[in-house]
>>> print(open('final28.tsv').read())   # TSV, C-alpha atoms
chain	number	residue	atom	x	y	z
A	1	MET	CA	-127.21	-48.80	55.13
A	2	LYS	CA	-123.78	-47.42	55.80
A	3	LYS	CA	-122.21	-50.26	53.83
A	4	SER	CA	-124.42	-49.64	50.78
A	5	SER	CA	-123.61	-45.92	50.81
A	6	THR	CA	-119.94	-46.79	50.20
A	7	ALA	CA	-120.46	-49.55	47.61
A	8	PRO	CA	-117.29	-49.58	45.48
A	9	PHE	CA	-117.23	-49.19	41.70
A	10	SER	CA	-116.14	-52.09	39.53
A	11	GLY	CA	-113.25	-51.66	37.11
A	12	TYR	CA	-115.59	-51.26	34.15
A	13	GLN	CA	-117.75	-48.78	36.06
A	14	LYS	CA	-114.67	-46.63	36.66
A	15	ILE	CA	-113.96	-46.64	32.92
A	16	VAL	CA	-117.58	-45.68	32.16
A	17	VAL	CA	-117.51	-42.82	34.66
A	18	GLY	CA	-114.36	-41.48	33.02
A	19	LEU	CA	-115.88	-41.68	29.53
A	20	LEU	CA	-119.15	-40.07	30.58
A	21	ALA	CA	-117.26	-37.31	32.40
A	22	PHE	CA	-115.25	-36.65	29.23
A	23	LEU	CA	-118.41	-36.30	27.13
A	24	GLN	CA	-119.87	-33.91	29.67
A	25	PHE	CA	-116.59	-32.00	29.61
A	26	ALA	CA	-116.83	-31.55	25.84
A	27	VAL	CA	-120.47	-30.41	25.86
A	28	ILE	CA	-120.06	-28.08	28.84
A	29	LEU	CA	-116.88	-26.54	27.44
A	30	ASP	CA	-118.55	-25.87	24.11
A	31	PHE	CA	-121.31	-23.94	25.90
A	32	MET	CA	-119.02	-22.21	28.39
A	33	LEU	CA	-116.60	-20.98	25.70
A	34	MET	CA	-119.24	-18.52	24.52
A	35	SER	CA	-119.06	-16.57	27.78
A	36	PRO	CA	-115.32	-15.75	27.98
A	37	LEU	CA	-115.11	-15.32	24.21
A	38	GLY	CA	-118.12	-13.00	24.24
A	39	ALA	CA	-115.90	-9.98	24.92
A	40	LEU	CA	-114.04	-10.83	21.68
A	41	ILE	CA	-116.92	-12.10	19.55
A	42	MET	CA	-119.19	-9.08	20.04
A	43	PRO	CA	-116.72	-6.48	18.69
A	44	ALA	CA	-115.28	-8.85	16.07
A	45	LEU	CA	-118.70	-9.53	14.53
A	46	GLN	CA	-120.07	-6.10	15.51
A	47	ILE	CA	-123.04	-7.46	17.43
A	48	SER	CA	-124.89	-6.05	20.43
A	49	PRO	CA	-125.43	-7.71	23.83
A	50	SER	CA	-128.99	-8.60	22.84
A	51	GLN	CA	-127.77	-10.23	19.62
A	52	PHE	CA	-125.15	-12.15	21.58
A	53	GLY	CA	-127.92	-13.28	23.91
A	54	VAL	CA	-129.77	-14.59	20.84
A	55	VAL	CA	-126.67	-16.54	19.74
A	56	VAL	CA	-126.38	-18.14	23.18
A	57	SER	CA	-130.10	-18.88	23.38
A	58	ALA	CA	-130.14	-20.32	19.82
A	59	TYR	CA	-128.16	-23.30	21.10
A	60	ALA	CA	-130.60	-23.70	23.96
A	61	PHE	CA	-133.75	-23.49	21.85
A	62	SER	CA	-132.50	-25.91	19.19
A	63	ALA	CA	-131.32	-28.31	21.90
A	64	GLY	CA	-134.72	-28.10	23.53
A	65	ILE	CA	-136.55	-28.89	20.31
A	66	SER	CA	-134.14	-31.75	19.56
A	67	GLY	CA	-134.71	-33.23	23.01
A	68	LEU	CA	-138.46	-33.31	22.54
A	69	LEU	CA	-138.20	-34.83	19.07
A	70	THR	CA	-135.77	-37.47	20.32
A	71	ALA	CA	-137.59	-38.37	23.53
A	72	GLY	CA	-140.09	-40.76	21.96
A	73	PHE	CA	-137.29	-42.82	20.41
A	74	ALA	CA	-134.70	-42.49	23.19
A	75	ASP	CA	-135.55	-45.83	24.80
A	76	ARG	CA	-135.77	-47.80	21.53
A	77	TYR	CA	-132.05	-48.01	20.77
A	78	ASP	CA	-128.81	-49.06	22.36
A	79	ARG	CA	-127.87	-46.00	24.40
A	80	LYS	CA	-124.23	-46.19	23.28
A	81	ARG	CA	-125.17	-45.98	19.59
A	82	LEU	CA	-127.58	-43.13	20.27
A	83	LEU	CA	-124.85	-41.30	22.17
A	84	LEU	CA	-122.27	-41.64	19.39
A	85	PHE	CA	-124.74	-40.48	16.71
A	86	PHE	CA	-125.51	-37.22	18.45
A	87	TYR	CA	-121.91	-36.71	19.54
A	88	THR	CA	-120.76	-36.87	15.92
A	89	GLY	CA	-123.21	-34.12	14.94
A	90	PHE	CA	-122.11	-32.08	17.93
A	91	ILE	CA	-118.44	-32.21	16.84
A	92	LEU	CA	-119.37	-31.09	13.31
A	93	GLY	CA	-121.42	-28.22	14.70
A	94	THR	CA	-118.53	-27.11	16.90
A	95	LEU	CA	-116.24	-27.10	13.88
A	96	TRP	CA	-118.75	-24.89	12.04
A	97	CYS	CA	-118.69	-22.44	14.98
A	98	GLY	CA	-114.95	-22.14	14.53
A	99	MET	CA	-115.37	-21.31	10.85
A	100	ALA	CA	-118.18	-18.74	11.24
A	101	GLN	CA	-117.42	-15.28	9.87
A	102	SER	CA	-120.67	-13.43	10.56
A	103	PHE	CA	-123.48	-13.14	13.07
A	104	GLU	CA	-125.78	-15.15	10.80
A	105	SER	CA	-123.24	-17.92	10.25
A	106	LEU	CA	-122.46	-18.19	13.97
A	107	LEU	CA	-126.17	-18.26	14.76
A	108	LEU	CA	-126.76	-21.17	12.34
A	109	ALA	CA	-123.72	-22.99	13.71
A	110	ARG	CA	-124.99	-22.70	17.27
A	111	ILE	CA	-128.39	-24.02	16.16
A	112	VAL	CA	-126.81	-27.10	14.57
A	113	THR	CA	-124.55	-27.66	17.57
A	114	GLY	CA	-127.53	-27.43	19.88
A	115	LEU	CA	-129.61	-29.89	17.83
A	116	PHE	CA	-127.03	-32.58	18.50
A	117	GLY	CA	-125.28	-31.46	21.69
A	118	GLY	CA	-128.47	-30.88	23.62
A	119	VAL	CA	-129.31	-34.59	23.65
A	120	ILE	CA	-125.90	-35.85	24.79
A	121	GLY	CA	-126.33	-34.94	28.45
A	122	SER	CA	-129.64	-36.79	28.68
A	123	VAL	CA	-128.15	-39.98	27.21
A	124	VAL	CA	-125.18	-39.70	29.58
A	125	LEU	CA	-127.54	-39.52	32.56
A	126	ALA	CA	-129.59	-42.47	31.29
A	127	ILE	CA	-126.45	-44.58	30.93
A	128	ALA	CA	-125.25	-43.57	34.41
A	129	THR	CA	-128.62	-44.50	35.90
A	130	ASP	CA	-128.71	-47.85	34.08
A	131	LEU	CA	-125.23	-48.91	35.16
A	132	PHE	CA	-125.11	-47.65	38.76
A	133	ALA	CA	-127.24	-48.48	41.81
A	134	PRO	CA	-129.12	-45.71	43.69
A	135	GLU	CA	-126.60	-45.71	46.54
A	136	GLN	CA	-123.79	-45.02	44.03
A	137	ARG	CA	-125.47	-42.28	42.04
A	138	GLY	CA	-124.46	-39.35	44.23
A	139	ARG	CA	-120.80	-40.18	43.65
A	140	VAL	CA	-121.41	-40.85	39.95
A	141	MET	CA	-123.11	-37.49	39.44
A	142	GLY	CA	-120.38	-35.81	41.45
A	143	LEU	CA	-117.66	-37.31	39.28
A	144	ILE	CA	-119.52	-36.51	36.05
A	145	GLN	CA	-120.09	-32.94	37.17
A	146	THR	CA	-116.36	-32.64	37.83
A	147	ALA	CA	-116.25	-32.13	34.07
A	148	PHE	CA	-117.62	-28.64	34.75
A	149	ALA	CA	-114.62	-27.76	36.92
A	150	ALA	CA	-112.25	-29.51	34.52
A	151	SER	CA	-113.55	-27.35	31.69
A	152	GLN	CA	-112.46	-24.33	33.72
A	153	VAL	CA	-109.09	-25.76	34.75
A	154	LEU	CA	-108.14	-27.17	31.35
A	155	GLY	CA	-110.55	-25.95	28.71
A	156	LEU	CA	-111.30	-22.30	29.38
A	157	PRO	CA	-107.73	-21.13	30.08
A	158	ALA	CA	-106.58	-23.00	26.97
A	159	GLY	CA	-109.44	-21.53	24.95
A	160	ILE	CA	-108.70	-18.01	26.13
A	161	TYR	CA	-104.97	-18.48	25.51
A	162	LEU	CA	-105.64	-19.67	21.95
A	163	SER	CA	-107.99	-16.76	21.31
A	164	ASN	CA	-105.44	-14.29	22.65
A	165	GLN	CA	-102.64	-15.80	20.54
A	166	TRP	CA	-104.69	-16.06	17.34
A	167	ASN	CA	-108.43	-15.28	17.35
A	168	TRP	CA	-111.73	-16.50	18.79
A	169	HIS	CA	-112.20	-19.07	16.01
A	170	VAL	CA	-109.25	-21.25	17.07
A	171	PRO	CA	-110.68	-22.53	20.40
A	172	PHE	CA	-113.72	-24.03	18.64
A	173	ILE	CA	-111.58	-25.71	15.97
A	174	ALA	CA	-109.28	-27.14	18.66
A	175	MET	CA	-112.31	-28.30	20.63
A	176	ALA	CA	-113.63	-30.18	17.60
A	177	ALA	CA	-110.31	-31.98	17.09
A	178	PHE	CA	-110.00	-32.86	20.78
A	179	GLY	CA	-113.61	-34.01	20.92
A	180	LEU	CA	-113.14	-36.30	17.92
A	181	ALA	CA	-110.33	-38.15	19.70
A	182	GLY	CA	-112.53	-38.60	22.76
A	183	GLY	CA	-115.43	-39.90	20.69
A	184	LEU	CA	-113.24	-42.59	19.16
A	185	LEU	CA	-112.19	-43.64	22.67
A	186	VAL	CA	-115.83	-43.96	23.73
A	187	ALA	CA	-116.62	-46.08	20.65
A	188	TRP	CA	-113.72	-48.39	21.49
A	189	GLN	CA	-114.10	-48.79	25.26
A	190	MET	CA	-117.81	-48.55	26.10
A	191	GLN	CA	-119.91	-51.72	25.90
A	192	PRO	CA	-123.49	-51.66	24.51
A	193	VAL	CA	-126.07	-50.28	26.95
A	194	ASN	CA	-129.22	-52.13	25.94
A	195	ALA	CA	-130.69	-53.86	29.02
A	196	HIS	CA	-133.79	-51.66	28.73
A	197	LEU	CA	-134.54	-53.18	25.30
A	198	LYS	CA	-135.28	-56.52	26.96
A	199	GLN	CA	-138.29	-55.05	28.74
A	200	PRO	CA	-141.71	-54.40	27.14
A	201	GLN	CA	-141.81	-51.24	25.04
A	202	GLU	CA	-144.73	-49.10	23.93
A	203	HIS	CA	-145.57	-49.63	20.26
A	204	SER	CA	-145.88	-45.92	19.44
A	205	ALA	CA	-142.93	-43.58	19.97
A	206	TRP	CA	-145.31	-40.63	20.23
A	207	LEU	CA	-147.39	-42.36	22.90
A	208	HIS	CA	-144.17	-43.11	24.76
A	209	LEU	CA	-143.30	-39.40	24.61
A	210	TYR	CA	-146.80	-38.38	25.71
A	211	HIS	CA	-146.95	-40.80	28.64
A	212	THR	CA	-143.48	-39.79	29.83
A	213	LEU	CA	-144.23	-36.10	29.48
A	214	THR	CA	-147.58	-36.19	31.29
A	215	ALA	CA	-146.87	-38.66	34.10
A	216	ARG	CA	-147.71	-36.92	37.37
A	217	GLU	CA	-144.54	-38.08	39.10
A	218	HIS	CA	-142.48	-36.60	36.24
A	219	LEU	CA	-144.08	-33.15	36.14
A	220	LEU	CA	-142.61	-32.05	39.45
A	221	ALA	CA	-139.12	-33.06	38.32
A	222	PHE	CA	-139.56	-31.16	35.05
A	223	ALA	CA	-140.62	-28.00	36.94
A	224	ILE	CA	-137.51	-28.24	39.11
A	225	THR	CA	-135.32	-28.64	36.03
A	226	ALA	CA	-136.78	-25.49	34.48
A	227	LEU	CA	-136.08	-23.44	37.59
A	228	LEU	CA	-132.55	-24.75	38.08
A	229	SER	CA	-131.66	-23.71	34.53
A	230	THR	CA	-132.35	-20.06	35.19
A	231	GLY	CA	-129.18	-19.19	37.07
A	232	GLY	CA	-126.53	-20.43	34.68
A	233	PHE	CA	-128.19	-19.17	31.52
A	234	MET	CA	-128.76	-15.70	32.99
A	235	LEU	CA	-125.37	-15.15	34.62
A	236	MET	CA	-122.85	-16.95	32.42
A	237	PRO	CA	-123.43	-15.42	28.95
A	238	PHE	CA	-122.53	-11.94	30.20
A	239	GLY	CA	-120.07	-13.02	32.89
A	240	SER	CA	-116.96	-12.13	30.88
A	241	ALA	CA	-118.22	-8.67	29.88
A	242	TYR	CA	-119.34	-8.03	33.49
A	243	VAL	CA	-115.97	-9.02	34.95
A	244	VAL	CA	-114.01	-6.90	32.47
A	245	ASN	CA	-116.21	-3.82	32.16
A	246	ASN	CA	-117.86	-3.63	35.58
A	247	LEU	CA	-115.40	-5.20	37.99
A	248	GLY	CA	-112.31	-3.78	36.30
A	249	ILE	CA	-110.50	-7.09	35.82
A	250	SER	CA	-108.15	-7.21	32.84
A	251	LEU	CA	-108.76	-9.62	29.98
A	252	ASP	CA	-105.33	-11.07	30.67
A	253	HIS	CA	-106.47	-12.19	34.14
A	254	ARG	CA	-109.44	-14.23	32.94
A	255	PRO	CA	-107.41	-17.47	32.57
A	256	THR	CA	-106.24	-17.05	36.17
A	257	ILE	CA	-109.81	-16.70	37.40
A	258	TYR	CA	-110.98	-19.85	35.63
A	259	LEU	CA	-107.85	-21.81	36.53
A	260	VAL	CA	-107.90	-21.09	40.27
A	261	THR	CA	-111.67	-21.45	40.56
A	262	GLY	CA	-111.60	-24.70	38.61
A	263	LEU	CA	-108.74	-26.15	40.65
A	264	CYS	CA	-110.71	-25.47	43.84
A	265	THR	CA	-114.01	-26.83	42.55
A	266	ILE	CA	-112.59	-29.87	40.72
A	267	PHE	CA	-112.30	-31.54	44.12
A	268	ILE	CA	-115.74	-30.36	45.25
A	269	GLY	CA	-117.81	-32.54	42.88
A	270	PRO	CA	-116.69	-35.91	44.23
A	271	LEU	CA	-116.92	-34.64	47.83
A	272	VAL	CA	-120.45	-33.36	47.27
A	273	GLY	CA	-121.39	-36.67	45.67
A	274	LYS	CA	-120.06	-38.64	48.63
A	275	ALA	CA	-121.89	-36.34	51.05
A	276	ALA	CA	-125.12	-36.78	49.10
A	277	ASP	CA	-124.85	-40.58	49.38
A	278	SER	CA	-123.95	-40.56	53.08
A	279	VAL	CA	-125.43	-37.44	54.72
A	280	GLY	CA	-128.49	-37.16	52.49
A	281	LYS	CA	-129.25	-35.64	49.11
A	282	PHE	CA	-131.78	-33.05	50.29
A	283	ALA	CA	-129.55	-31.85	53.15
A	284	VAL	CA	-126.68	-31.22	50.72
A	285	TYR	CA	-129.04	-29.51	48.29
A	286	LEU	CA	-130.34	-27.21	51.02
A	287	PHE	CA	-126.79	-26.19	51.93
A	288	GLY	CA	-126.02	-25.48	48.27
A	289	THR	CA	-129.13	-23.35	47.83
A	290	VAL	CA	-128.37	-21.12	50.80
A	291	LEU	CA	-124.75	-20.67	49.74
A	292	SER	CA	-125.75	-19.97	46.13
A	293	ILE	CA	-128.26	-17.30	47.10
A	294	VAL	CA	-125.75	-15.47	49.29
A	295	MET	CA	-122.99	-15.57	46.67
A	296	VAL	CA	-125.26	-14.56	43.76
A	297	LEU	CA	-126.34	-11.46	45.68
A	298	ILE	CA	-122.73	-10.58	46.44
A	299	TYR	CA	-121.47	-11.30	42.92
A	300	THR	CA	-124.12	-9.33	41.03
A	301	ASN	CA	-123.70	-6.28	43.30
A	302	LEU	CA	-119.90	-6.03	43.20
A	303	GLY	CA	-118.24	-2.83	42.09
A	304	GLN	CA	-114.59	-2.40	41.14
A	305	THR	CA	-112.88	-5.28	42.91
A	306	SER	CA	-109.57	-7.05	43.27
A	307	LEU	CA	-108.65	-10.27	41.53
A	308	PRO	CA	-108.24	-12.31	44.78
A	309	LEU	CA	-111.68	-11.25	46.05
A	310	LEU	CA	-113.33	-12.12	42.75
A	311	ILE	CA	-111.71	-15.57	42.77
A	312	ILE	CA	-112.99	-16.21	46.31
A	313	VAL	CA	-116.52	-15.12	45.39
A	314	ASN	CA	-116.45	-17.13	42.17
A	315	THR	CA	-115.22	-20.26	43.94
A	316	LEU	CA	-117.86	-20.10	46.68
A	317	LEU	CA	-120.55	-19.51	44.05
A	318	PHE	CA	-119.55	-22.64	42.15
A	319	ILE	CA	-119.43	-24.68	45.35
A	320	GLY	CA	-123.02	-23.63	45.94
A	321	ILE	CA	-124.00	-24.53	42.36
A	322	PHE	CA	-122.36	-27.97	42.60
A	323	SER	CA	-124.04	-28.62	45.94
A	324	ARG	CA	-127.41	-28.02	44.28
A	325	MET	CA	-126.99	-29.77	40.96
A	326	ILE	CA	-125.32	-33.01	42.04
A	327	PRO	CA	-127.87	-34.13	44.70
A	328	VAL	CA	-130.80	-33.08	42.50
A	329	GLN	CA	-129.49	-35.13	39.59
A	330	ALA	CA	-129.03	-38.12	41.88
A	331	MET	CA	-132.59	-37.70	43.20
A	332	MET	CA	-134.12	-37.35	39.73
A	333	ALA	CA	-132.36	-40.50	38.53
A	334	SER	CA	-134.80	-42.46	40.71
A	335	VAL	CA	-137.92	-40.79	39.31
A	336	PRO	CA	-138.51	-42.64	35.97
A	337	ALA	CA	-138.78	-46.38	35.36
A	338	GLN	CA	-135.92	-48.00	33.41
A	339	THR	CA	-137.94	-48.16	30.18
A	340	LYS	CA	-138.61	-44.41	30.39
A	341	ARG	CA	-135.19	-43.13	31.45
A	342	GLY	CA	-134.10	-42.13	27.98
A	343	ALA	CA	-137.33	-40.26	27.25
A	344	PHE	CA	-137.43	-38.69	30.74
A	345	ASN	CA	-133.87	-37.40	30.50
A	346	ALA	CA	-134.37	-36.17	26.93
A	347	ILE	CA	-137.48	-34.23	27.95
A	348	SER	CA	-135.69	-32.94	31.04
A	349	ALA	CA	-132.77	-31.77	28.92
A	350	SER	CA	-135.19	-30.17	26.49
A	351	ILE	CA	-136.94	-28.28	29.27
A	352	GLN	CA	-133.58	-27.26	30.68
A	353	GLN	CA	-132.45	-25.83	27.35
A	354	LEU	CA	-135.75	-24.13	26.48
A	355	SER	CA	-136.12	-22.50	29.89
A	356	GLY	CA	-132.44	-21.61	29.83
A	357	GLY	CA	-132.86	-20.07	26.39
A	358	LEU	CA	-135.72	-17.93	27.63
A	359	ALA	CA	-133.62	-16.94	30.64
A	360	SER	CA	-130.74	-15.95	28.35
A	361	VAL	CA	-133.01	-13.82	26.17
A	362	LEU	CA	-134.53	-12.25	29.28
A	363	ALA	CA	-131.07	-11.46	30.63
A	364	GLY	CA	-130.14	-9.86	27.31
A	365	HIS	CA	-133.10	-7.52	27.65
A	366	ILE	CA	-132.50	-6.77	31.33
A	367	VAL	CA	-128.89	-5.66	30.89
A	368	ALA	CA	-127.79	-2.77	28.73
A	369	THR	CA	-124.44	-1.30	27.78
A	370	GLY	CA	-123.58	2.04	29.34
A	371	ALA	CA	-121.63	4.83	27.70
A	372	SER	CA	-118.38	3.61	29.28
A	373	GLY	CA	-119.02	-0.01	28.24
A	374	GLN	CA	-120.31	-1.16	31.61
A	375	LEU	CA	-123.26	-3.55	31.84
A	376	LEU	CA	-126.20	-1.83	33.46
A	377	HIS	CA	-128.85	-3.53	35.68
A	378	PHE	CA	-126.78	-6.70	36.19
A	379	ASP	CA	-127.94	-6.76	39.82
A	380	ARG	CA	-131.52	-7.31	38.64
A	381	ILE	CA	-130.45	-10.61	37.09
A	382	GLY	CA	-129.25	-11.68	40.53
A	383	TYR	CA	-132.65	-11.00	42.08
A	384	VAL	CA	-134.38	-13.11	39.42
A	385	VAL	CA	-131.93	-15.97	40.04
A	386	VAL	CA	-132.52	-15.82	43.81
A	387	ALA	CA	-136.31	-15.93	43.35
A	388	SER	CA	-136.03	-19.00	41.10
A	389	ALA	CA	-133.72	-20.70	43.64
A	390	LEU	CA	-136.22	-20.21	46.48
A	391	LEU	CA	-139.08	-21.62	44.42
A	392	ALA	CA	-136.93	-24.57	43.29
A	393	MET	CA	-136.05	-25.32	46.91
A	394	ALA	CA	-139.72	-25.70	47.81
A	395	LEU	CA	-140.30	-28.08	44.88
A	396	VAL	CA	-137.20	-30.17	45.65
A	397	TRP	CA	-138.42	-30.56	49.23
A	398	ARG	CA	-141.68	-31.96	47.86
A	399	LEU	CA	-139.84	-34.30	45.47
A	400	HIS	CA	-137.69	-35.53	48.34
A	401	GLY	CA	-140.81	-36.41	50.31
A	402	GLN	CA	-142.31	-38.32	47.39
A	403	LEU	CA	-139.14	-40.35	46.81
A	404	ALA	CA	-138.77	-41.12	50.52
A	405	ALA	CA	-142.30	-42.59	50.55
A	406	ARG	CA	-141.48	-44.98	47.69
A	407	PRO	CA	-140.26	-48.56	48.12
A	408	ARG	CA	-136.58	-48.92	47.20
A	409	GLN	CA	-136.04	-49.41	43.45
A	410	SER	CA	-133.20	-49.49	40.99
>>> encode(input="final28.tsv", output="structure tokens")
Amino acid sequence: MKKSSTAPFSGYQKIVVGLLAFLQFAVILDFMLMSPLGALIMPALQISPSQFGVVVSAYAFSAGISGLLTAGFADRYDRKRLLLFFYTGFILGTLWCGMAQSFESLLLARIVTGLFGGVIGSVVLAIATDLFAPEQRGRVMGLIQTAFAASQVLGLPAGIYLSNQWNWHVPFIAMAAFGLAGGLLVAWQMQPVNAHLKQPQEHSAWLHLYHTLTAREHLLAFAITALLSTGGFMLMPFGSAYVVNNLGISLDHRPTIYLVTGLCTIFIGPLVGKAADSVGKFAVYLFGTVLSIVMVLIYTNLGQTSLPLLIIVNTLLFIGIFSRMIPVQAMMASVPAQTKRGAFNAISASIQQLSGGLASVLAGHIVATGASGQLLHFDRIGYVVVASALLAMALVWRLHGQLAARPRQS
């Protein structure tokens, strides 16, 4: 067992991990840019926090709808071709975001970006599951999730710098150009991913969607996905405004926060993945949940604070988030059969986006702007996130028991 937990990657597998991590980097950065740029976008377009919440949630809702519409067909095509199709639309949508000049235009741009970008993550996970054995998946998910930290180390500071030097439009335009280069690299280096096409397929795409959506063993995983989406979509959209207006941190210090936090957490993903494969996925998840709950309560109840303290809190919070997401993704990879992985991941991504969109809208109605510009009631968001984390922990424990009772499968 110990030997299998350290099974090495082949040369091609290393290339695939790098390509998948890059795609995740692009999609995550596109979403995360909205948070630090929110402090600039809201006054520039003269929109309120609730309207900004709608812009953020528009991506989520359109991505959720796209995931459901795609799910029935997700296992009928070469996964590489499917990935490149949606990635092309995502790049075009990102470019539109950079050209938006009004609330309405930005809203439409985020809808288009979500229609294409929301499916990419599900295809990435399906490819990772197809090409890597169960005892490798903790490390694979850890490396792919490193894209989250990399977006902070490389993407967010660069995006903020570009917005400070020019305006908030430039980061999106630069992201589109950078993403195009990465897409061409994926088209060149990745081999077709079509082993699932050799197995029997359901004749009707809609029946395939229905059977994947209603399978009892899938429902628990979908419920967990919905709960895990709550935290990020409630905290991140207003994170920049909260840090600047409530914690008293200057706009000029935001790149430092993202850079230091990202540098610390960029090493955490692979370590968490290795721990999930060797120590146990549920044990790592439990650690991450406890740490996340503690740090969310501290973060959402901070007053005026120093930059070093905020960096420490932010870093510990992300360590907790990574320690939850990576083992759960590795566990869920074993839930669907190979012929249903595309549909399962598309539905899962759809649920993630739809529940996250609702969470973002809810957060926009919980917080309000005070007379001095401070966000009011931000602590209440923290309590909602903690409640969802506790419920998710109970469901993950049940999923862990179900998977442990199964015979080993690929």
>>> closest_residue(input="final28.tsv", among="A:Val294, A:Leu310, A:Ile15, A:Ala405", to="Gln189 (chain A)", atoms="all atoms listed in the file")
A:Ile15
>>> closest_residue(input="final28.tsv", among="A:Leu19, A:Ala337, A:Ala371, A:Leu107", to="Ala215 (chain A)", atoms="only C-alpha atoms")
A:Ala337
>>> closest_residue(input="final28.tsv", among="A:Lys14, A:Arg79, A:Arg341, A:His400", to="Pro192 (chain A)", atoms="only C-alpha atoms")
A:Arg79
>>> atom_distance(input="final28.tsv", atom1="CA of Thr225 (chain A)", atom2="CA of Ile347 (chain A)")
10.1 Å
>>> atom_distance(input="final28.tsv", atom1="CA of Pro270 (chain A)", atom2="CA of Val385 (chain A)")
25.4 Å
>>> atom_distance(input="final28.tsv", atom1="CA of Ala283 (chain A)", atom2="CA of Ala147 (chain A)")
23.3 Å
>>> closest_residue(input="final28.tsv", among="A:Leu362, A:Met332, A:Cys264, A:Ala404", to="Leu317 (chain A)", atoms="only C-alpha atoms")
A:Cys264
>>> residues_near_point(input="final28.tsv", point="(-122.0, -4.0, 27.3)", cutoff="12 Å", atoms="only C-alpha atoms", output="ChimeraX atom specification")
/A:38-40,42-43,47-53,237-246,364-378
>>> write_last_selection(input="final28.tsv", atoms="C-alpha atoms", output="PDB file, in the coordinates of the input")
ATOM      1  CA  GLY A  38    -118.120 -13.000  24.240  1.00  0.00           C
ATOM      2  CA  ALA A  39    -115.900  -9.980  24.920  1.00  0.00           C
ATOM      3  CA  LEU A  40    -114.040 -10.830  21.680  1.00  0.00           C
ATOM      4  CA  MET A  42    -119.190  -9.080  20.040  1.00  0.00           C
ATOM      5  CA  PRO A  43    -116.720  -6.480  18.690  1.00  0.00           C
ATOM      6  CA  ILE A  47    -123.040  -7.460  17.430  1.00  0.00           C
ATOM      7  CA  SER A  48    -124.890  -6.050  20.430  1.00  0.00           C
ATOM      8  CA  PRO A  49    -125.430  -7.710  23.830  1.00  0.00           C
ATOM      9  CA  SER A  50    -128.990  -8.600  22.840  1.00  0.00           C
ATOM     10  CA  GLN A  51    -127.770 -10.230  19.620  1.00  0.00           C
ATOM     11  CA  PHE A  52    -125.150 -12.150  21.580  1.00  0.00           C
ATOM     12  CA  GLY A  53    -127.920 -13.280  23.910  1.00  0.00           C
ATOM     13  CA  PRO A 237    -123.430 -15.420  28.950  1.00  0.00           C
ATOM     14  CA  PHE A 238    -122.530 -11.940  30.200  1.00  0.00           C
ATOM     15  CA  GLY A 239    -120.070 -13.020  32.890  1.00  0.00           C
ATOM     16  CA  SER A 240    -116.960 -12.130  30.880  1.00  0.00           C
ATOM     17  CA  ALA A 241    -118.220  -8.670  29.880  1.00  0.00           C
ATOM     18  CA  TYR A 242    -119.340  -8.030  33.490  1.00  0.00           C
ATOM     19  CA  VAL A 243    -115.970  -9.020  34.950  1.00  0.00           C
ATOM     20  CA  VAL A 244    -114.010  -6.900  32.470  1.00  0.00           C
ATOM     21  CA  ASN A 245    -116.210  -3.820  32.160  1.00  0.00           C
ATOM     22  CA  ASN A 246    -117.860  -3.630  35.580  1.00  0.00           C
ATOM     23  CA  GLY A 364    -130.140  -9.860  27.310  1.00  0.00           C
ATOM     24  CA  HIS A 365    -133.100  -7.520  27.650  1.00  0.00           C
ATOM     25  CA  ILE A 366    -132.500  -6.770  31.330  1.00  0.00           C
ATOM     26  CA  VAL A 367    -128.890  -5.660  30.890  1.00  0.00           C
ATOM     27  CA  ALA A 368    -127.790  -2.770  28.730  1.00  0.00           C
ATOM     28  CA  THR A 369    -124.440  -1.300  27.780  1.00  0.00           C
ATOM     29  CA  GLY A 370    -123.580   2.040  29.340  1.00  0.00           C
ATOM     30  CA  ALA A 371    -121.630   4.830  27.700  1.00  0.00           C
ATOM     31  CA  SER A 372    -118.380   3.610  29.280  1.00  0.00           C
ATOM     32  CA  GLY A 373    -119.020  -0.010  28.240  1.00  0.00           C
ATOM     33  CA  GLN A 374    -120.310  -1.160  31.610  1.00  0.00           C
ATOM     34  CA  LEU A 375    -123.260  -3.550  31.840  1.00  0.00           C
ATOM     35  CA  LEU A 376    -126.200  -1.830  33.460  1.00  0.00           C
ATOM     36  CA  HIS A 377    -128.850  -3.530  35.680  1.00  0.00           C
ATOM     37  CA  PHE A 378    -126.780  -6.700  36.190  1.00  0.00           C
TER      38      PHE A 378
END
>>> closest_residue(input="final28.tsv", among="A:Ser66, A:Ser355, A:Gln402, A:Thr94", to="Leu220 (chain A)", atoms="only C-alpha atoms")
A:Gln402
>>> closest_residue(input="final28.tsv", among="A:Ala223, A:Leu69, A:Val27, A:Val55", to="Gly357 (chain A)", atoms="all atoms listed in the file")
A:Val55
>>> residues_around(input="final28.tsv", residues="region 257-263 of chain A", least_positions_apart="2", cutoff="12 Å", atoms="only C-alpha atoms", output="ChimeraX atom specification")
/A:32-33,35-36,145-161,239-240,243-244,249-255,265-269,306-319,322
>>> residues_near_point(input="final28.tsv", point="(-132.8, -36.3, 37.7)", cutoff="10 Å", atoms="only C-alpha atoms", output="MDAnalysis selection string")
chainID A and resid 122 125:126 129 141 218 221:222 224:225 325:336 341 344:345 348:349
>>> residues_around(input="final28.tsv", residues="region 98-106 of chain A", least_positions_apart="2", cutoff="7 Å", atoms="all atoms listed in the file", output="PyMOL selection string")
chain A and resi 45+94-96+108-110+169-170+172-173
>>> residues_around(input="final28.tsv", residues="Lys340 (chain A)", least_positions_apart="5", cutoff="9 Å", atoms="all atoms listed in the file", output="number ranges by chain")
A: 74-75, 196, 208-209, 212, 345
>>> decode(input="final28.tsv", residues="region 103-107 of chain A", atoms="C-alpha atoms", output="compact mmCIF listing (two decimals), in the first residue's frame")
# COMPACT_ATOMS: atom_id res chain seq x y z
CA PHE A 103 -22.50 47.96 -15.76
CA GLU A 104 -24.70 46.36 -18.42
CA SER A 105 -21.78 45.59 -20.73
CA LEU A 106 -19.71 44.09 -17.92
CA LEU A 107 -22.69 42.03 -16.80
